[in-house]
Amino acid sequence: LLHRPLGRLVRYEVVILISAAIGLWRAVVAWDRSGVLVEDDLEKDNTDGYSTVVQKVEATWSSLLDRQALRGGNPGDIPVDVLLHAMHVQSRASGVIGSFMVLVCKCDQANMRAIRSAWEAHGRPRTLRELALRERDEGVQLSPGKLKESAALALVWATRMLGFWLGILRVLADAGPGGKVNMAHHATEVIYAHWVEPFHGFLLRSTFRAGLRALPSRDDMLRRLAVGGSTQKKGPPTEQEIAALVNDCKRCVDTTTRVIATLRATLEATGLDDNQKV
């Protein structure tokens with residue numbers, strides 16, 4: 001439906017599009033006043049002993065890469081459950097930075113569910129690479145650039161959403177002139193346009209672009225991340241805490257870049273790819 005010219009949509013199809021957009025937008029605004037995503041499975045304190053939520057994300061992804069290195073360093077030689085845990089930690093952290101991120105978090109959750117479902121359906125293979133190979137052998141690659149619903153397709157989208165987070169991190173880590181950008185505009189016209197928009201159809205593109213206007217400024221994002229959803233921290237963060245967070249963001253940029261490269265290499269090595277619009 002979304003690939004048809006808008007002028008050819010009949011009245012009831014337009015109603016479907018509008019209703020779907022409203023439903024997605026309601027998800028975007030379903031936040032509490034603190035800007036932290038309200039989910040039953042999220043604890044109020046996301047730091048778990050780390051100085052910041054970003055430090056926790058970086059440490060979790062680094063641990064994942066270390067496991068791959070111990071197994072020989074081949075792309076995808078990582079336990080699937082460890083990957084799912086790391087995705088969950090990263091999604092929770094990104095959910096702190098602003099109300100729009102609820103939509104990104106929903107995408108993260110859908111990707112995690114799809115990977116877990118496929119992993120369990122295939123008897124919980126030991127590594128992500130093994131899962132990808134089993135899906136390849138069963139024919140999830142329907143044609144060049146076209147995957148059916150699968151862990152592989154979810155992994156493709158997971159790397160794109162992780163790329164969006166990476167783009168945000170790069171701005172947060174830049175304490176110089178680059179850190180003074182208009183975050184909402186930069187996130188829309190640079191980060192989203194590069195990582196995600198080429199694969200979105202009319203409805204999702206319109207919804208994401210509208211939602212990105214709700215992104216707070218860089219300084220506000222840093223303040224939210226410095227608190228990290230913790231109910232134990234009272235008052236605004238200190239300059240020292242913000243400086244420590246910026247350093248955590250710098251380290252996380254490097255680690256996240258390596259993670260994205262690893263996930264992409266896993267898909268490439270197993271011959272799985274998708275460039276369809278949704």
# chains A, B, ... in the order shown; residues from 1 in each chain; ligands from 1
>>> residues_around(residues="A:Phe164", least_positions_apart="6", cutoff="12 Å", atoms="only C-alpha atoms", output="PDB file with N, CA and C atoms, in the first residue's frame")
ATOM      1  N   GLN A  90      21.630  -1.405  25.752  1.00  0.00           N
ATOM      2  CA  GLN A  90      21.791  -0.221  24.912  1.00  0.00           C
ATOM      3  C   GLN A  90      20.453   0.476  24.670  1.00  0.00           C
ATOM      4  N   SER A  91      19.392  -0.294  24.439  1.00  0.00           N
ATOM      5  CA  SER A  91      18.084   0.292  24.192  1.00  0.00           C
ATOM      6  C   SER A  91      17.574   1.049  25.409  1.00  0.00           C
ATOM      7  N   SER A  94      19.416   4.423  25.579  1.00  0.00           N
ATOM      8  CA  SER A  94      18.968   5.398  24.584  1.00  0.00           C
ATOM      9  C   SER A  94      17.588   5.935  24.936  1.00  0.00           C
ATOM     10  N   MET A 101      12.613   8.814  21.528  1.00  0.00           N
ATOM     11  CA  MET A 101      13.335   7.545  21.524  1.00  0.00           C
ATOM     12  C   MET A 101      12.446   6.365  21.899  1.00  0.00           C
ATOM     13  N   VAL A 104      12.138   4.415  18.806  1.00  0.00           N
ATOM     14  CA  VAL A 104      13.358   3.657  18.526  1.00  0.00           C
ATOM     15  C   VAL A 104      13.423   2.441  19.446  1.00  0.00           C
ATOM     16  N   CYS A 105      13.065   2.637  20.715  1.00  0.00           N
ATOM     17  CA  CYS A 105      13.081   1.523  21.671  1.00  0.00           C
ATOM     18  C   CYS A 105      12.081   0.444  21.278  1.00  0.00           C
ATOM     19  N   CYS A 107      11.241  -0.282  18.249  1.00  0.00           N
ATOM     20  CA  CYS A 107      11.898  -0.998  17.148  1.00  0.00           C
ATOM     21  C   CYS A 107      12.936  -1.973  17.698  1.00  0.00           C
ATOM     22  N   ASP A 108      13.698  -1.511  18.692  1.00  0.00           N
ATOM     23  CA  ASP A 108      14.688  -2.386  19.324  1.00  0.00           C
ATOM     24  C   ASP A 108      14.024  -3.631  19.898  1.00  0.00           C
ATOM     25  N   TRP A 157      17.966  -4.606  10.683  1.00  0.00           N
ATOM     26  CA  TRP A 157      17.348  -3.411  11.250  1.00  0.00           C
ATOM     27  C   TRP A 157      18.000  -3.010  12.570  1.00  0.00           C
ATOM     28  N   ALA A 158      18.473  -3.979  13.318  1.00  0.00           N
ATOM     29  CA  ALA A 158      19.157  -3.660  14.577  1.00  0.00           C
ATOM     30  C   ALA A 158      20.413  -2.837  14.308  1.00  0.00           C
ATOM     31  N   ARG A 170      27.951  10.512  18.803  1.00  0.00           N
ATOM     32  CA  ARG A 170      29.030  11.324  18.243  1.00  0.00           C
ATOM     33  C   ARG A 170      28.835  12.802  18.571  1.00  0.00           C
ATOM     34  N   VAL A 171      27.593  13.268  18.518  1.00  0.00           N
ATOM     35  CA  VAL A 171      27.327  14.661  18.878  1.00  0.00           C
ATOM     36  C   VAL A 171      27.548  14.874  20.370  1.00  0.00           C
ATOM     37  N   HIS A 186      19.909  18.099  13.235  1.00  0.00           N
ATOM     38  CA  HIS A 186      21.015  17.202  12.884  1.00  0.00           C
ATOM     39  C   HIS A 186      20.568  15.741  12.897  1.00  0.00           C
ATOM     40  N   ALA A 187      19.771  15.379  13.891  1.00  0.00           N
ATOM     41  CA  ALA A 187      19.301  14.001  13.984  1.00  0.00           C
ATOM     42  C   ALA A 187      18.421  13.634  12.802  1.00  0.00           C
ATOM     43  N   THR A 188      17.663  14.614  12.300  1.00  0.00           N
ATOM     44  CA  THR A 188      16.767  14.362  11.169  1.00  0.00           C
ATOM     45  C   THR A 188      17.511  14.344   9.844  1.00  0.00           C
ATOM     46  N   GLU A 189      18.265  15.410   9.591  1.00  0.00           N
ATOM     47  CA  GLU A 189      18.844  15.624   8.268  1.00  0.00           C
ATOM     48  C   GLU A 189      20.186  14.925   8.055  1.00  0.00           C
ATOM     49  N   VAL A 190      20.830  14.483   9.128  1.00  0.00           N
ATOM     50  CA  VAL A 190      22.124  13.823   8.997  1.00  0.00           C
ATOM     51  C   VAL A 190      22.046  12.372   9.487  1.00  0.00           C
ATOM     52  N   ILE A 191      21.680  12.186  10.756  1.00  0.00           N
ATOM     53  CA  ILE A 191      21.737  10.837  11.331  1.00  0.00           C
ATOM     54  C   ILE A 191      20.639   9.948  10.754  1.00  0.00           C
ATOM     55  N   TYR A 192      19.398  10.370  10.885  1.00  0.00           N
ATOM     56  CA  TYR A 192      18.284   9.571  10.364  1.00  0.00           C
ATOM     57  C   TYR A 192      18.384   9.423   8.852  1.00  0.00           C
ATOM     58  N   ALA A 193      18.718  10.513   8.165  1.00  0.00           N
ATOM     59  CA  ALA A 193      18.809  10.474   6.702  1.00  0.00           C
ATOM     60  C   ALA A 193      19.852   9.475   6.226  1.00  0.00           C
ATOM     61  N   HIS A 194      20.922   9.295   6.999  1.00  0.00           N
ATOM     62  CA  HIS A 194      21.983   8.368   6.592  1.00  0.00           C
ATOM     63  C   HIS A 194      21.669   6.922   6.956  1.00  0.00           C
ATOM     64  N   TRP A 195      21.219   6.694   8.192  1.00  0.00           N
ATOM     65  CA  TRP A 195      21.128   5.335   8.695  1.00  0.00           C
ATOM     66  C   TRP A 195      19.802   4.640   8.428  1.00  0.00           C
ATOM     67  N   VAL A 196      18.714   5.375   8.456  1.00  0.00           N
ATOM     68  CA  VAL A 196      17.403   4.718   8.491  1.00  0.00           C
ATOM     69  C   VAL A 196      16.465   5.144   7.360  1.00  0.00           C
ATOM     70  N   GLU A 197      16.431   6.421   7.052  1.00  0.00           N
ATOM     71  CA  GLU A 197      15.435   6.938   6.108  1.00  0.00           C
ATOM     72  C   GLU A 197      15.426   6.232   4.751  1.00  0.00           C
ATOM     73  N   PHE A 208       8.698   9.326  11.701  1.00  0.00           N
ATOM     74  CA  PHE A 208       9.997   9.559  12.318  1.00  0.00           C
ATOM     75  C   PHE A 208      10.404  11.023  12.206  1.00  0.00           C
ATOM     76  N   LEU A 212      11.116  13.311  15.450  1.00  0.00           N
ATOM     77  CA  LEU A 212      12.460  13.811  15.737  1.00  0.00           C
ATOM     78  C   LEU A 212      12.449  15.265  16.204  1.00  0.00           C
ATOM     79  N   VAL A 253      31.454   5.566  21.376  1.00  0.00           N
ATOM     80  CA  VAL A 253      31.456   5.763  19.922  1.00  0.00           C
ATOM     81  C   VAL A 253      32.348   4.728  19.258  1.00  0.00           C
ATOM     82  N   THR A 256      30.827   1.124  19.766  1.00  0.00           N
ATOM     83  CA  THR A 256      29.613   0.928  18.971  1.00  0.00           C
ATOM     84  C   THR A 256      29.948   0.791  17.491  1.00  0.00           C
ATOM     85  N   THR A 257      30.916   1.556  17.010  1.00  0.00           N
ATOM     86  CA  THR A 257      31.362   1.442  15.617  1.00  0.00           C
ATOM     87  C   THR A 257      31.859   0.035  15.334  1.00  0.00           C
ATOM     88  N   ILE A 260      28.817  -2.448  15.195  1.00  0.00           N
ATOM     89  CA  ILE A 260      28.095  -2.370  13.923  1.00  0.00           C
ATOM     90  C   ILE A 260      28.877  -3.071  12.820  1.00  0.00           C
TER      91      ILE A 260
END
>>> residues_around(residues="A:Arg218", least_positions_apart="6", cutoff="8 Å", atoms="only C-alpha atoms", output="PyMOL selection string")
chain A and resi 171-172+179-183
>>> residues_around(residues="A:Met87", least_positions_apart="6", cutoff="9 Å", atoms="only C-alpha atoms", output="list in words")
Val57, Trp61, Asp108, Gln109, Met112, Ala158 and Leu162 of chain A
>>> write_last_selection(atoms="N, CA, C and O atoms", output="mmCIF file, in the first residue's frame")
data_model
loop_
_atom_site.group_PDB
_atom_site.id
_atom_site.type_symbol
_atom_site.label_atom_id
_atom_site.label_comp_id
_atom_site.auth_asym_id
_atom_site.auth_seq_id
_atom_site.Cartn_x
_atom_site.Cartn_y
_atom_site.Cartn_z
ATOM 1 N N VAL A 57 26.686 0.724 28.875
ATOM 2 C CA VAL A 57 26.514 0.275 27.493
ATOM 3 C C VAL A 57 27.861 -0.090 26.877
ATOM 4 O O VAL A 57 28.018 -1.152 26.262
ATOM 5 N N TRP A 61 28.918 -3.859 25.525
ATOM 6 C CA TRP A 61 29.316 -4.158 24.145
ATOM 7 C C TRP A 61 30.770 -4.624 24.079
ATOM 8 O O TRP A 61 31.112 -5.516 23.293
ATOM 9 N N ASP A 108 13.698 -1.511 18.692
ATOM 10 C CA ASP A 108 14.688 -2.386 19.324
ATOM 11 C C ASP A 108 14.024 -3.631 19.898
ATOM 12 O O ASP A 108 14.499 -4.760 19.723
ATOM 13 N N GLN A 109 12.930 -3.432 20.610
ATOM 14 C CA GLN A 109 12.238 -4.543 21.252
ATOM 15 C C GLN A 109 11.699 -5.529 20.216
ATOM 16 O O GLN A 109 11.773 -6.750 20.413
ATOM 17 N N MET A 112 14.641 -7.550 18.975
ATOM 18 C CA MET A 112 15.065 -8.540 19.972
ATOM 19 C C MET A 112 14.106 -9.719 20.020
ATOM 20 O O MET A 112 14.541 -10.874 20.118
ATOM 21 N N ALA A 158 18.473 -3.979 13.318
ATOM 22 C CA ALA A 158 19.157 -3.660 14.577
ATOM 23 C C ALA A 158 20.413 -2.837 14.308
ATOM 24 O O ALA A 158 20.718 -1.894 15.052
ATOM 25 N N LEU A 162 21.067 0.875 15.671
ATOM 26 C CA LEU A 162 22.297 1.082 16.432
ATOM 27 C C LEU A 162 23.105 2.217 15.805
ATOM 28 O O LEU A 162 23.762 2.999 16.506
#
>>> atom_distance(atom1="atom CA of A:Arg134", atom2="atom CA of A:Gly73")
20.0 Å
>>> select_by_dssp(residues="stretch 28-224 of chain A", states="alpha helix (DSSP H)", output="MDAnalysis selection string")
chainID A and resid 28 53:70 80:94 101:121 128:138 151:173 183:186 193:195 202:212 218:224
>>> atom_distance(atom1="atom CA of A:Thr270", atom2="atom CA of A:Ala69")
18.7 Å
>>> select_by_dssp(residues="stretch 57-262 of chain A", states="strand (DSSP E)", output="list in words")
Gln141, Leu142, Ser143, Lys146 and Leu147 of chain A
>>> atom_distance(atom1="atom CA of A:Asp219", atom2="atom CA of A:Gly98")
11.8 Å
>>> residues_around(residues="A:Ala151", least_positions_apart="2", cutoff="7 Å", atoms="only C-alpha atoms", output="ChimeraX atom specification")
/A:114-115,118,153-155
>>> closest_residue(among="A:Ala121, A:Ala184, A:Val102, A:Leu225", to="A:Gln55", atoms="only C-alpha atoms")
A:Leu225
>>> decode(residues="stretch 247-263 of chain A", atoms="all heavy atoms", output="PDB file, in the first residue's frame")
ATOM      1  N   ASN A 247      33.294  11.757  28.215  1.00  0.00           N
ATOM      2  CA  ASN A 247      34.372  10.787  27.990  1.00  0.00           C
ATOM      3  C   ASN A 247      33.814   9.381  27.765  1.00  0.00           C
ATOM      4  O   ASN A 247      34.319   8.624  26.920  1.00  0.00           O
ATOM      5  CB  ASN A 247      35.333  10.790  29.178  1.00  0.00           C
ATOM      6  CG  ASN A 247      36.227  12.014  29.209  1.00  0.00           C
ATOM      7  OD1 ASN A 247      36.544  12.583  28.157  1.00  0.00           O
ATOM      8  ND2 ASN A 247      36.633  12.438  30.397  1.00  0.00           N
ATOM      9  N   ASP A 248      32.763   9.026  28.513  1.00  0.00           N
ATOM     10  CA  ASP A 248      32.115   7.729  28.299  1.00  0.00           C
ATOM     11  C   ASP A 248      31.528   7.646  26.895  1.00  0.00           C
ATOM     12  O   ASP A 248      31.595   6.604  26.241  1.00  0.00           O
ATOM     13  CB  ASP A 248      31.006   7.516  29.337  1.00  0.00           C
ATOM     14  CG  ASP A 248      31.549   7.247  30.733  1.00  0.00           C
ATOM     15  OD1 ASP A 248      32.725   6.847  30.847  1.00  0.00           O
ATOM     16  OD2 ASP A 248      30.788   7.435  31.711  1.00  0.00           O
ATOM     17  N   CYS A 249      30.942   8.756  26.439  1.00  0.00           N
ATOM     18  CA  CYS A 249      30.367   8.785  25.086  1.00  0.00           C
ATOM     19  C   CYS A 249      31.457   8.579  24.031  1.00  0.00           C
ATOM     20  O   CYS A 249      31.245   7.878  23.037  1.00  0.00           O
ATOM     21  CB  CYS A 249      29.650  10.109  24.847  1.00  0.00           C
ATOM     22  SG  CYS A 249      28.099  10.317  25.764  1.00  0.00           S
ATOM     23  N   LYS A 250      32.628   9.181  24.246  1.00  0.00           N
ATOM     24  CA  LYS A 250      33.741   9.017  23.297  1.00  0.00           C
ATOM     25  C   LYS A 250      34.149   7.549  23.190  1.00  0.00           C
ATOM     26  O   LYS A 250      34.358   7.025  22.094  1.00  0.00           O
ATOM     27  CB  LYS A 250      34.922   9.867  23.720  1.00  0.00           C
ATOM     28  CG  LYS A 250      34.697  11.368  23.580  1.00  0.00           C
ATOM     29  CD  LYS A 250      35.897  12.162  24.093  1.00  0.00           C
ATOM     30  CE  LYS A 250      35.653  13.658  23.950  1.00  0.00           C
ATOM     31  NZ  LYS A 250      36.783  14.457  24.488  1.00  0.00           N
ATOM     32  N   ARG A 251      34.281   6.899  24.333  1.00  0.00           N
ATOM     33  CA  ARG A 251      34.654   5.475  24.319  1.00  0.00           C
ATOM     34  C   ARG A 251      33.545   4.637  23.683  1.00  0.00           C
ATOM     35  O   ARG A 251      33.826   3.683  22.945  1.00  0.00           O
ATOM     36  CB  ARG A 251      34.935   5.000  25.742  1.00  0.00           C
ATOM     37  CG  ARG A 251      36.244   5.511  26.324  1.00  0.00           C
ATOM     38  CD  ARG A 251      36.582   4.824  27.638  1.00  0.00           C
ATOM     39  NE  ARG A 251      35.669   5.239  28.698  1.00  0.00           N
ATOM     40  CZ  ARG A 251      35.882   6.284  29.485  1.00  0.00           C
ATOM     41  NH1 ARG A 251      36.970   7.008  29.328  1.00  0.00           N
ATOM     42  NH2 ARG A 251      35.018   6.594  30.430  1.00  0.00           N
ATOM     43  N   CYS A 252      32.301   5.022  23.957  1.00  0.00           N
ATOM     44  CA  CYS A 252      31.180   4.250  23.415  1.00  0.00           C
ATOM     45  C   CYS A 252      31.054   4.413  21.900  1.00  0.00           C
ATOM     46  O   CYS A 252      30.603   3.495  21.213  1.00  0.00           O
ATOM     47  CB  CYS A 252      29.880   4.677  24.108  1.00  0.00           C
ATOM     48  SG  CYS A 252      28.562   3.445  24.034  1.00  0.00           S
ATOM     49  N   VAL A 253      31.454   5.566  21.376  1.00  0.00           N
ATOM     50  CA  VAL A 253      31.456   5.763  19.922  1.00  0.00           C
ATOM     51  C   VAL A 253      32.348   4.728  19.258  1.00  0.00           C
ATOM     52  O   VAL A 253      31.966   4.069  18.275  1.00  0.00           O
ATOM     53  CB  VAL A 253      31.923   7.193  19.566  1.00  0.00           C
ATOM     54  CG1 VAL A 253      32.312   7.284  18.084  1.00  0.00           C
ATOM     55  CG2 VAL A 253      30.830   8.202  19.875  1.00  0.00           C
ATOM     56  N   ASP A 254      33.552   4.572  19.777  1.00  0.00           N
ATOM     57  CA  ASP A 254      34.500   3.609  19.208  1.00  0.00           C
ATOM     58  C   ASP A 254      33.971   2.182  19.311  1.00  0.00           C
ATOM     59  O   ASP A 254      34.002   1.417  18.339  1.00  0.00           O
ATOM     60  CB  ASP A 254      35.842   3.722  19.927  1.00  0.00           C
ATOM     61  CG  ASP A 254      36.846   2.689  19.429  1.00  0.00           C
ATOM     62  OD1 ASP A 254      37.250   2.766  18.258  1.00  0.00           O
ATOM     63  OD2 ASP A 254      37.213   1.791  20.215  1.00  0.00           O
ATOM     64  N   THR A 255      33.458   1.827  20.479  1.00  0.00           N
ATOM     65  CA  THR A 255      32.976   0.453  20.682  1.00  0.00           C
ATOM     66  C   THR A 255      31.753   0.172  19.831  1.00  0.00           C
ATOM     67  O   THR A 255      31.640  -0.901  19.224  1.00  0.00           O
ATOM     68  CB  THR A 255      32.642   0.231  22.173  1.00  0.00           C
ATOM     69  OG1 THR A 255      33.819   0.488  22.951  1.00  0.00           O
ATOM     70  CG2 THR A 255      32.181  -1.186  22.417  1.00  0.00           C
ATOM     71  N   THR A 256      30.827   1.124  19.766  1.00  0.00           N
ATOM     72  CA  THR A 256      29.613   0.928  18.971  1.00  0.00           C
ATOM     73  C   THR A 256      29.948   0.791  17.491  1.00  0.00           C
ATOM     74  O   THR A 256      29.330  -0.008  16.775  1.00  0.00           O
ATOM     75  CB  THR A 256      28.632   2.094  19.185  1.00  0.00           C
ATOM     76  OG1 THR A 256      28.345   2.231  20.579  1.00  0.00           O
ATOM     77  CG2 THR A 256      27.323   1.861  18.432  1.00  0.00           C
ATOM     78  N   THR A 257      30.916   1.556  17.010  1.00  0.00           N
ATOM     79  CA  THR A 257      31.362   1.442  15.617  1.00  0.00           C
ATOM     80  C   THR A 257      31.859   0.035  15.334  1.00  0.00           C
ATOM     81  O   THR A 257      31.551  -0.552  14.283  1.00  0.00           O
ATOM     82  CB  THR A 257      32.472   2.471  15.331  1.00  0.00           C
ATOM     83  OG1 THR A 257      31.972   3.795  15.570  1.00  0.00           O
ATOM     84  CG2 THR A 257      32.945   2.364  13.883  1.00  0.00           C
ATOM     85  N   ARG A 258      32.612  -0.524  16.256  1.00  0.00           N
ATOM     86  CA  ARG A 258      33.127  -1.886  16.092  1.00  0.00           C
ATOM     87  C   ARG A 258      31.995  -2.916  16.127  1.00  0.00           C
ATOM     88  O   ARG A 258      32.019  -3.912  15.377  1.00  0.00           O
ATOM     89  CB  ARG A 258      34.154  -2.185  17.186  1.00  0.00           C
ATOM     90  CG  ARG A 258      35.440  -1.390  17.053  1.00  0.00           C
ATOM     91  CD  ARG A 258      36.269  -1.434  18.333  1.00  0.00           C
ATOM     92  NE  ARG A 258      36.534  -2.808  18.745  1.00  0.00           N
ATOM     93  CZ  ARG A 258      36.701  -3.195  20.003  1.00  0.00           C
ATOM     94  NH1 ARG A 258      36.603  -2.291  20.988  1.00  0.00           N
ATOM     95  NH2 ARG A 258      36.965  -4.449  20.302  1.00  0.00           N
ATOM     96  N   VAL A 259      31.009  -2.690  16.963  1.00  0.00           N
ATOM     97  CA  VAL A 259      29.874  -3.618  17.042  1.00  0.00           C
ATOM     98  C   VAL A 259      29.099  -3.632  15.727  1.00  0.00           C
ATOM     99  O   VAL A 259      28.770  -4.692  15.186  1.00  0.00           O
ATOM    100  CB  VAL A 259      28.937  -3.238  18.205  1.00  0.00           C
ATOM    101  CG1 VAL A 259      27.624  -4.022  18.127  1.00  0.00           C
ATOM    102  CG2 VAL A 259      29.617  -3.497  19.542  1.00  0.00           C
ATOM    103  N   ILE A 260      28.817  -2.448  15.195  1.00  0.00           N
ATOM    104  CA  ILE A 260      28.095  -2.370  13.923  1.00  0.00           C
ATOM    105  C   ILE A 260      28.877  -3.071  12.820  1.00  0.00           C
ATOM    106  O   ILE A 260      28.312  -3.824  12.007  1.00  0.00           O
ATOM    107  CB  ILE A 260      27.830  -0.899  13.547  1.00  0.00           C
ATOM    108  CG1 ILE A 260      26.826  -0.282  14.531  1.00  0.00           C
ATOM    109  CG2 ILE A 260      27.295  -0.793  12.122  1.00  0.00           C
ATOM    110  CD1 ILE A 260      26.633   1.208  14.356  1.00  0.00           C
ATOM    111  N   ALA A 261      30.186  -2.862  12.783  1.00  0.00           N
ATOM    112  CA  ALA A 261      31.017  -3.526  11.778  1.00  0.00           C
ATOM    113  C   ALA A 261      30.957  -5.040  11.933  1.00  0.00           C
ATOM    114  O   ALA A 261      30.911  -5.780  10.936  1.00  0.00           O
ATOM    115  CB  ALA A 261      32.461  -3.033  11.898  1.00  0.00           C
ATOM    116  N   THR A 262      30.949  -5.509  13.169  1.00  0.00           N
ATOM    117  CA  THR A 262      30.885  -6.950  13.431  1.00  0.00           C
ATOM    118  C   THR A 262      29.563  -7.539  12.973  1.00  0.00           C
ATOM    119  O   THR A 262      29.527  -8.603  12.325  1.00  0.00           O
ATOM    120  CB  THR A 262      31.078  -7.218  14.944  1.00  0.00           C
ATOM    121  OG1 THR A 262      32.414  -6.874  15.309  1.00  0.00           O
ATOM    122  CG2 THR A 262      30.819  -8.680  15.274  1.00  0.00           C
ATOM    123  N   LEU A 263      28.463  -6.868  13.284  1.00  0.00           N
ATOM    124  CA  LEU A 263      27.149  -7.377  12.885  1.00  0.00           C
ATOM    125  C   LEU A 263      26.995  -7.368  11.362  1.00  0.00           C
ATOM    126  O   LEU A 263      26.452  -8.310  10.769  1.00  0.00           O
ATOM    127  CB  LEU A 263      26.043  -6.552  13.544  1.00  0.00           C
ATOM    128  CG  LEU A 263      26.024  -6.581  15.085  1.00  0.00           C
ATOM    129  CD1 LEU A 263      24.870  -5.749  15.619  1.00  0.00           C
ATOM    130  CD2 LEU A 263      25.938  -8.019  15.606  1.00  0.00           C
TER     131      LEU A 263
END
